[in-house]
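Scroll down for the structure; my scribbles are underneath it.
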Amino acid sequence: MRTILHIDFNSYFATVEQQANPRLRGKPIGVTGGDRMVRTVIEAASVEAKRFGVKTGMQIWQAKQLCPQIILVQGDCDKYLETTKRFLAILNSYSPYLEVFSIDECFLEVTGDSGPPQGRGTVKMAQDIKSRIRNEIGEWITCSIGISYNKLMAKLAGSLYKPDGLVVIADEQAAMWILDRIELDEICGIGGRIKKRLNNMGIFNFAQLRKVPLEALLASFKSYGQILYHMARGIDESPIVPFYEKEEVKSIGHRHTIDHDTNNPEEIKQILLKLTELVTRRLRAKKLVGKTIHCWYRAAFQMHTPGVELNLHTGCVFTGDDMQATINPTQDGLEIFKAGWKIFNQIWPACRQAGIGGKIRMIGVSVSNLRPQTPQNLSLLPEMNRQETIIKTVDKINDKYGEFTLQRGILLDSSKMRRMPNPFLSDRRFKL
Amino acid sequence: MLEISEPVNVWVFFKGNSIQPWCFFWNKRQIKVEKINLVHTSKEGSNLFYHFSVSSGGNFYRLQFDAGKMKWTLEAVEEE
């Protein structure tokens, strides 16, 4: 029988901030996203803030309404990533079978003589891990650990007691007992939509789900029906995928929320070009080219109009648009920018007609359909060779002295942008 | 918390394979570091920075060491 630990750090970003600054400990704090304090959301709420109902993803004004004394702390991705590296190094010392699920969650498969999941060896190992994290990283940092015979149940076990929990689901019998006492969407893999669809079928709990034949689930949910069938029985045979074995990214993109609403085409062009430069820097670093360009924007808030569904309680709605286009495979920033700008000009008019003067608050661009760069034949055109040399030199200088140390002249007075790690660490450039 | 970014002088000692600030001088005071709560690094290009989140007398300070220029900066302060 397999023995898998699921380690989940409690209110991770907030806990790290409280570890760094003891004056924040025991207080409700909210860490803002994207290392800024405006036009952002609560990226993480401390345990104290969660007691007031503050949740990840909440708008700042909503959080302040629920908890007026909340302290807002600017996010610092370098701090969180470094802490992640340190706890992964601790976990790696127990087993090489370590899967990084996100910046604050991972699975660890242990083998050898640690015995069955509920064995003393594994429980002692989990306690040892907690102790080492406290001693080697920080006394305020806690994690919940779930131990079970597969990943699904280990993750469920970890979620049952927070913060600083340690729960074992020893076998399938124990799994059934737990499953019969939780809601459908308390398990990883069933969200609000799937739960609603199951409810519409008259299924409100796992005991009822177990009674549904596999054929019926496959008919309603296609291949996902098999997963639901297994979930209801506590079955999950997915392997631990170590970080170094994970597939490379399928697309590279960046988006930016502007600190003010704008419909100035020159300003939007500047931002799009800067985003494109960030994207193509990453493409060149990975020696990849891409051919599908995707561009999107989010319009400025607009007041509620009758018949339009509200997303927020203020009466404002999120609208936006996106489109993609295919070009010749490239890693050239200017080529990708031209394609992205063309797409944007096709989708922007709808925003202008929406009665908000075409103002946008966020724009993004990504490149997909990636493949390795192939050796290029030397061009007979001297300007092409010169262009390539310039790009390589600029990349070298920016690698050494920082992003945008050297940049296109048009970007000189543009707003500052910084690369953030994806919380699921899908970009392996942020090496662990 | 105040983000100030001021150059400061720091006395450090080297313990094992780590560098630990012992005290620093700011606002005409010598502030002894009572506890190093967290250390993390950041990069600007190839230049490495070490950030020390420390406590002293119930106050919080964050010191930055620029490994390239061998320079210390007091990045942030939160005092009573």
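Residues in the structure tokens are numbered from 1 in each chain, the chains being A, B, ... in the order shown, and ligands are numbered from 1 in the order shown.
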Sorted by chain and rising residue number, which residues of chain B lie within 7 Å of chain A, and what are their closest atom pairs and distances in Å to one decimal, counting only C-alpha atoms, as a tab-separated table?
```
residue	atom	partner	partner_atom	distance
B:Asn37	CA	A:Ala20	CA	5.1
B:Leu38	CA	A:Ala20	CA	5.1
B:His40	CA	A:Lys79	CA	5.5
B:Thr41	CA	A:Asp78	CA	6.7
B:Ser42	CA	A:Asp78	CA	5.8
B:Glu44	CA	A:Gly402	CA	4.7
B:Gly45	CA	A:Gly402	CA	3.6
B:Ser46	CA	A:Lys400	CA	4.5
B:Asn47	CA	A:Tyr401	CA	7.0
B:Ser53	CA	A:Ala20	CA	5.4
B:Phe60	CA	A:Asn21	CA	6.1
```
Write a file of the selected residues as an mmCIF file, in the first residue's frame, keeping C-alpha atoms.
```
data_model
loop_
_atom_site.group_PDB
_atom_site.id
_atom_site.type_symbol
_atom_site.label_atom_id
_atom_site.label_comp_id
_atom_site.auth_asym_id
_atom_site.auth_seq_id
_atom_site.Cartn_x
_atom_site.Cartn_y
_atom_site.Cartn_z
ATOM 1 C CA ASN B 37 12.904 36.416 11.859
ATOM 2 C CA LEU B 38 13.354 35.653 8.182
ATOM 3 C CA HIS B 40 15.250 35.869 1.819
ATOM 4 C CA THR B 41 17.002 36.798 -1.402
ATOM 5 C CA SER B 42 16.063 38.633 -4.560
ATOM 6 C CA GLU B 44 18.140 42.245 -10.124
ATOM 7 C CA GLY B 45 19.724 40.812 -13.240
ATOM 8 C CA SER B 46 22.633 38.784 -11.902
ATOM 9 C CA ASN B 47 23.030 40.917 -8.776
ATOM 10 C CA SER B 53 13.674 40.820 8.567
ATOM 11 C CA PHE B 60 10.602 45.664 13.124
#
```
field: Polymer residues at most 12 Å from Gly253 (chain A), only C-alpha atoms, same-chain spacing of 5 or more positions, as a PyMOL selection string
entry: chain A and resi 272+274-283+290+292-296+336+340+363-368+370+419-422+426-427
Please dump the current selection as a PDB file, in the first residue's frame; keep C-alpha atoms.
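Contents of result27.pdb, as written:
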```
ATOM      1  CA  LEU A 272       1.417  45.936 -24.760  1.00  0.00           C
ATOM      2  CA  LYS A 274       6.406  45.973 -22.676  1.00  0.00           C
ATOM      3  CA  LEU A 275       4.369  42.839 -21.992  1.00  0.00           C
ATOM      4  CA  THR A 276       5.448  41.415 -25.331  1.00  0.00           C
ATOM      5  CA  GLU A 277       9.098  42.083 -24.495  1.00  0.00           C
ATOM      6  CA  LEU A 278       8.680  40.138 -21.231  1.00  0.00           C
ATOM      7  CA  VAL A 279       7.063  37.256 -23.105  1.00  0.00           C
ATOM      8  CA  THR A 280       9.715  37.084 -25.799  1.00  0.00           C
ATOM      9  CA  ARG A 281      12.541  37.314 -23.257  1.00  0.00           C
ATOM     10  CA  ARG A 282      11.183  34.129 -21.728  1.00  0.00           C
ATOM     11  CA  LEU A 283      10.776  32.508 -25.145  1.00  0.00           C
ATOM     12  CA  GLY A 290       5.553  30.337 -30.838  1.00  0.00           C
ATOM     13  CA  THR A 292      -0.404  31.574 -31.842  1.00  0.00           C
ATOM     14  CA  ILE A 293      -0.808  35.026 -30.347  1.00  0.00           C
ATOM     15  CA  HIS A 294      -3.588  35.646 -27.877  1.00  0.00           C
ATOM     16  CA  CYS A 295      -4.488  39.152 -26.741  1.00  0.00           C
ATOM     17  CA  TRP A 296      -7.140  40.169 -24.239  1.00  0.00           C
ATOM     18  CA  ILE A 336       4.539  39.400 -31.716  1.00  0.00           C
ATOM     19  CA  GLY A 340      -1.018  41.520 -30.666  1.00  0.00           C
ATOM     20  CA  ILE A 363      -4.381  44.052 -20.936  1.00  0.00           C
ATOM     21  CA  GLY A 364      -2.646  40.747 -21.567  1.00  0.00           C
ATOM     22  CA  VAL A 365      -0.791  38.878 -24.292  1.00  0.00           C
ATOM     23  CA  SER A 366       0.363  35.287 -24.585  1.00  0.00           C
ATOM     24  CA  VAL A 367       2.091  33.038 -27.105  1.00  0.00           C
ATOM     25  CA  SER A 368       1.223  29.368 -27.507  1.00  0.00           C
ATOM     26  CA  LEU A 370       5.396  26.542 -28.807  1.00  0.00           C
ATOM     27  CA  ARG A 419       7.425  39.258 -13.274  1.00  0.00           C
ATOM     28  CA  MET A 420       5.496  37.301 -10.660  1.00  0.00           C
ATOM     29  CA  PRO A 421       5.806  33.579 -10.134  1.00  0.00           C
ATOM     30  CA  ASN A 422       2.712  31.677 -11.104  1.00  0.00           C
ATOM     31  CA  SER A 426       4.147  26.297 -14.012  1.00  0.00           C
ATOM     32  CA  ASP A 427       7.039  28.418 -15.237  1.00  0.00           C
TER      33      ASP A 427
END
```
field: Backbone-only DSSP, helix (DSSP H, G or I) members of region 11-57 of chain A, as a ChimeraX atom specification
entry: /A:12-20,22-24,33-35,47-50
Restricted to C-alpha atoms, what would the selected residues look like written as an mmCIF file, in the first residue's frame?
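For reference, selection-v6.cif as written:
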```cif
data_model
loop_
_atom_site.group_PDB
_atom_site.id
_atom_site.type_symbol
_atom_site.label_atom_id
_atom_site.label_comp_id
_atom_site.auth_asym_id
_atom_site.auth_seq_id
_atom_site.Cartn_x
_atom_site.Cartn_y
_atom_site.Cartn_z
ATOM 1 C CA TYR A 12 0.852 30.832 3.403
ATOM 2 C CA PHE A 13 1.647 34.362 2.225
ATOM 3 C CA ALA A 14 0.087 35.901 5.317
ATOM 4 C CA THR A 15 1.926 33.496 7.624
ATOM 5 C CA VAL A 16 5.256 34.275 5.971
ATOM 6 C CA GLU A 17 4.629 38.016 6.453
ATOM 7 C CA GLN A 18 3.785 37.414 10.118
ATOM 8 C CA GLN A 19 6.953 35.324 10.494
ATOM 9 C CA ALA A 20 9.010 38.181 9.027
ATOM 10 C CA PRO A 22 6.246 39.723 14.611
ATOM 11 C CA ARG A 23 4.201 42.919 15.046
ATOM 12 C CA LEU A 24 1.687 41.408 12.591
ATOM 13 C CA GLY A 33 -1.605 40.692 -4.978
ATOM 14 C CA GLY A 34 1.054 41.752 -7.452
ATOM 15 C CA ASP A 35 3.243 43.592 -4.930
ATOM 16 C CA VAL A 47 -6.081 32.957 10.062
ATOM 17 C CA GLU A 48 -7.219 35.927 12.183
ATOM 18 C CA ALA A 49 -8.696 37.702 9.130
ATOM 19 C CA LYS A 50 -10.413 34.532 7.929
#
```
field: Shell around region 10-18 of chain B at 10 Å using only C-alpha atoms, local window under 2 positions removed, as a list in words
entry: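 My reading of the contact set: Pro7, Val8, Gln20, Pro21, Trp22, Cys23, Phe24, Phe25, Trp26, Gln30, Ile31, Lys32, Val33, Leu63, Phe65, Lys71, Trp72, Thr73 and Leu74 of chain B.
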Could you write out that same residue set with N, CA and C atoms as a short mmCIF file (atom, residue, chain, number, x, y, z; two decimals), in the first residue's frame?
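Below you can see again_30.cif, which holds the result:
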```cif
data_model
loop_
_atom_site.label_atom_id
_atom_site.label_comp_id
_atom_site.auth_asym_id
_atom_site.auth_seq_id
_atom_site.Cartn_x
_atom_site.Cartn_y
_atom_site.Cartn_z
N PRO B 7 20.91 54.15 3.34
CA PRO B 7 22.16 53.41 3.59
C PRO B 7 22.47 53.41 5.09
N VAL B 8 22.94 52.28 5.60
CA VAL B 8 23.29 52.19 7.02
C VAL B 8 24.59 51.40 7.18
N GLN B 20 25.11 37.08 9.57
CA GLN B 20 24.05 37.52 10.49
C GLN B 20 24.34 38.93 10.99
N PRO B 21 23.43 39.87 10.72
CA PRO B 21 23.63 41.23 11.25
C PRO B 21 23.53 41.20 12.77
N TRP B 22 24.44 41.87 13.45
CA TRP B 22 24.47 41.89 14.91
C TRP B 22 23.88 43.20 15.43
N CYS B 23 24.26 44.29 14.81
CA CYS B 23 23.63 45.56 15.14
C CYS B 23 23.81 46.52 13.96
N PHE B 24 23.03 47.59 13.93
CA PHE B 24 23.19 48.59 12.88
C PHE B 24 22.97 49.98 13.47
N PHE B 25 23.36 50.99 12.70
CA PHE B 25 23.34 52.37 13.19
C PHE B 25 22.38 53.18 12.34
N TRP B 26 21.35 53.74 13.01
CA TRP B 26 20.34 54.49 12.27
C TRP B 26 19.74 55.54 13.16
N GLN B 30 22.31 53.13 18.03
CA GLN B 30 22.82 51.80 17.72
C GLN B 30 21.70 50.83 18.06
N ILE B 31 21.26 50.10 17.07
CA ILE B 31 20.12 49.19 17.27
C ILE B 31 20.65 47.75 17.22
N LYS B 32 20.54 47.08 18.36
CA LYS B 32 21.03 45.70 18.41
C LYS B 32 19.94 44.76 17.90
N VAL B 33 20.33 43.88 17.00
CA VAL B 33 19.37 42.91 16.44
C VAL B 33 19.12 41.83 17.48
N LEU B 63 16.59 44.86 6.70
CA LEU B 63 17.89 45.28 6.18
C LEU B 63 18.17 44.56 4.87
N PHE B 65 21.20 43.58 2.07
CA PHE B 65 22.62 43.54 1.74
C PHE B 65 22.77 43.31 0.25
N LYS B 71 26.98 46.51 0.07
CA LYS B 71 26.38 47.71 0.67
C LYS B 71 25.14 47.31 1.46
N TRP B 72 24.95 47.94 2.64
CA TRP B 72 23.76 47.68 3.45
C TRP B 72 22.79 48.86 3.35
N THR B 73 21.49 48.51 3.30
CA THR B 73 20.44 49.53 3.25
C THR B 73 19.35 49.15 4.24
N LEU B 74 18.84 50.15 4.96
CA LEU B 74 17.67 49.90 5.81
C LEU B 74 16.44 50.12 4.93
#
```
query: Skipping near chain neighbours, those fewer than 6 positions away, what residues fall within 9 Å of region 227-234 of chain A using only C-alpha atoms, listed as a ChimeraX atom specification?
result: /A:150,152-153,171-173,175-176,179,187,189-190,206-210,212-214,217,221
message: I'd like the interatomic distance between CA of Ser238 (chain A) and CA of Ser95 (chain A), to a tenth of an Å.
response: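 Straight-line distance from CA of Ser238 (chain A) to CA of Ser95 (chain A) works out to 17.7 Å.
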- line: Gln64 (chain B) proximity check over B:Arg29, B:Lys35, B:His51, B:Lys43, using only C-alpha atoms: winner is B:His51
field: Close residues, Glu79 (chain B) itself excluded, 9 Å, only C-alpha atoms, min 6 positions apart in chain, as a list of chain:residue names
entry: B:Met1, B:Gly57, B:Gly58, B:Asn59, B:Phe60, B:Tyr61
I need the residues from that last selection saved to file as an mmCIF file, in the first residue's frame (with N, CA and C atoms), if you can.
```cif
data_model
loop_
_atom_site.group_PDB
_atom_site.id
_atom_site.type_symbol
_atom_site.label_atom_id
_atom_site.label_comp_id
_atom_site.auth_asym_id
_atom_site.auth_seq_id
_atom_site.Cartn_x
_atom_site.Cartn_y
_atom_site.Cartn_z
ATOM 1 N N MET B 1 3.947 50.478 8.415
ATOM 2 C CA MET B 1 5.362 50.239 8.114
ATOM 3 C C MET B 1 5.861 51.293 7.128
ATOM 4 N N GLY B 57 13.686 45.307 20.367
ATOM 5 C CA GLY B 57 12.863 46.092 21.293
ATOM 6 C C GLY B 57 11.414 46.179 20.861
ATOM 7 N N GLY B 58 10.889 45.118 20.270
ATOM 8 C CA GLY B 58 9.496 45.115 19.828
ATOM 9 C C GLY B 58 9.275 45.833 18.513
ATOM 10 N N ASN B 59 10.341 46.331 17.912
ATOM 11 C CA ASN B 59 10.234 47.024 16.627
ATOM 12 C C ASN B 59 10.710 46.119 15.498
ATOM 13 N N PHE B 60 10.276 46.467 14.294
ATOM 14 C CA PHE B 60 10.602 45.664 13.124
ATOM 15 C C PHE B 60 11.465 46.475 12.160
ATOM 16 N N TYR B 61 12.485 45.822 11.620
ATOM 17 C CA TYR B 61 13.336 46.449 10.612
ATOM 18 C C TYR B 61 13.649 45.432 9.527
#
```
query: To one decimal place, how far is CA of Ala45 (chain A) from CA of Glu34 (chain B) in Å?
result: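 Separation of CA of Ala45 (chain A) and CA of Glu34 (chain B): 27.8 Å.
Atom to atom, CA of Asp261 (chain A) and CA of Arg361 (chain A) stand 4.9 Å apart.
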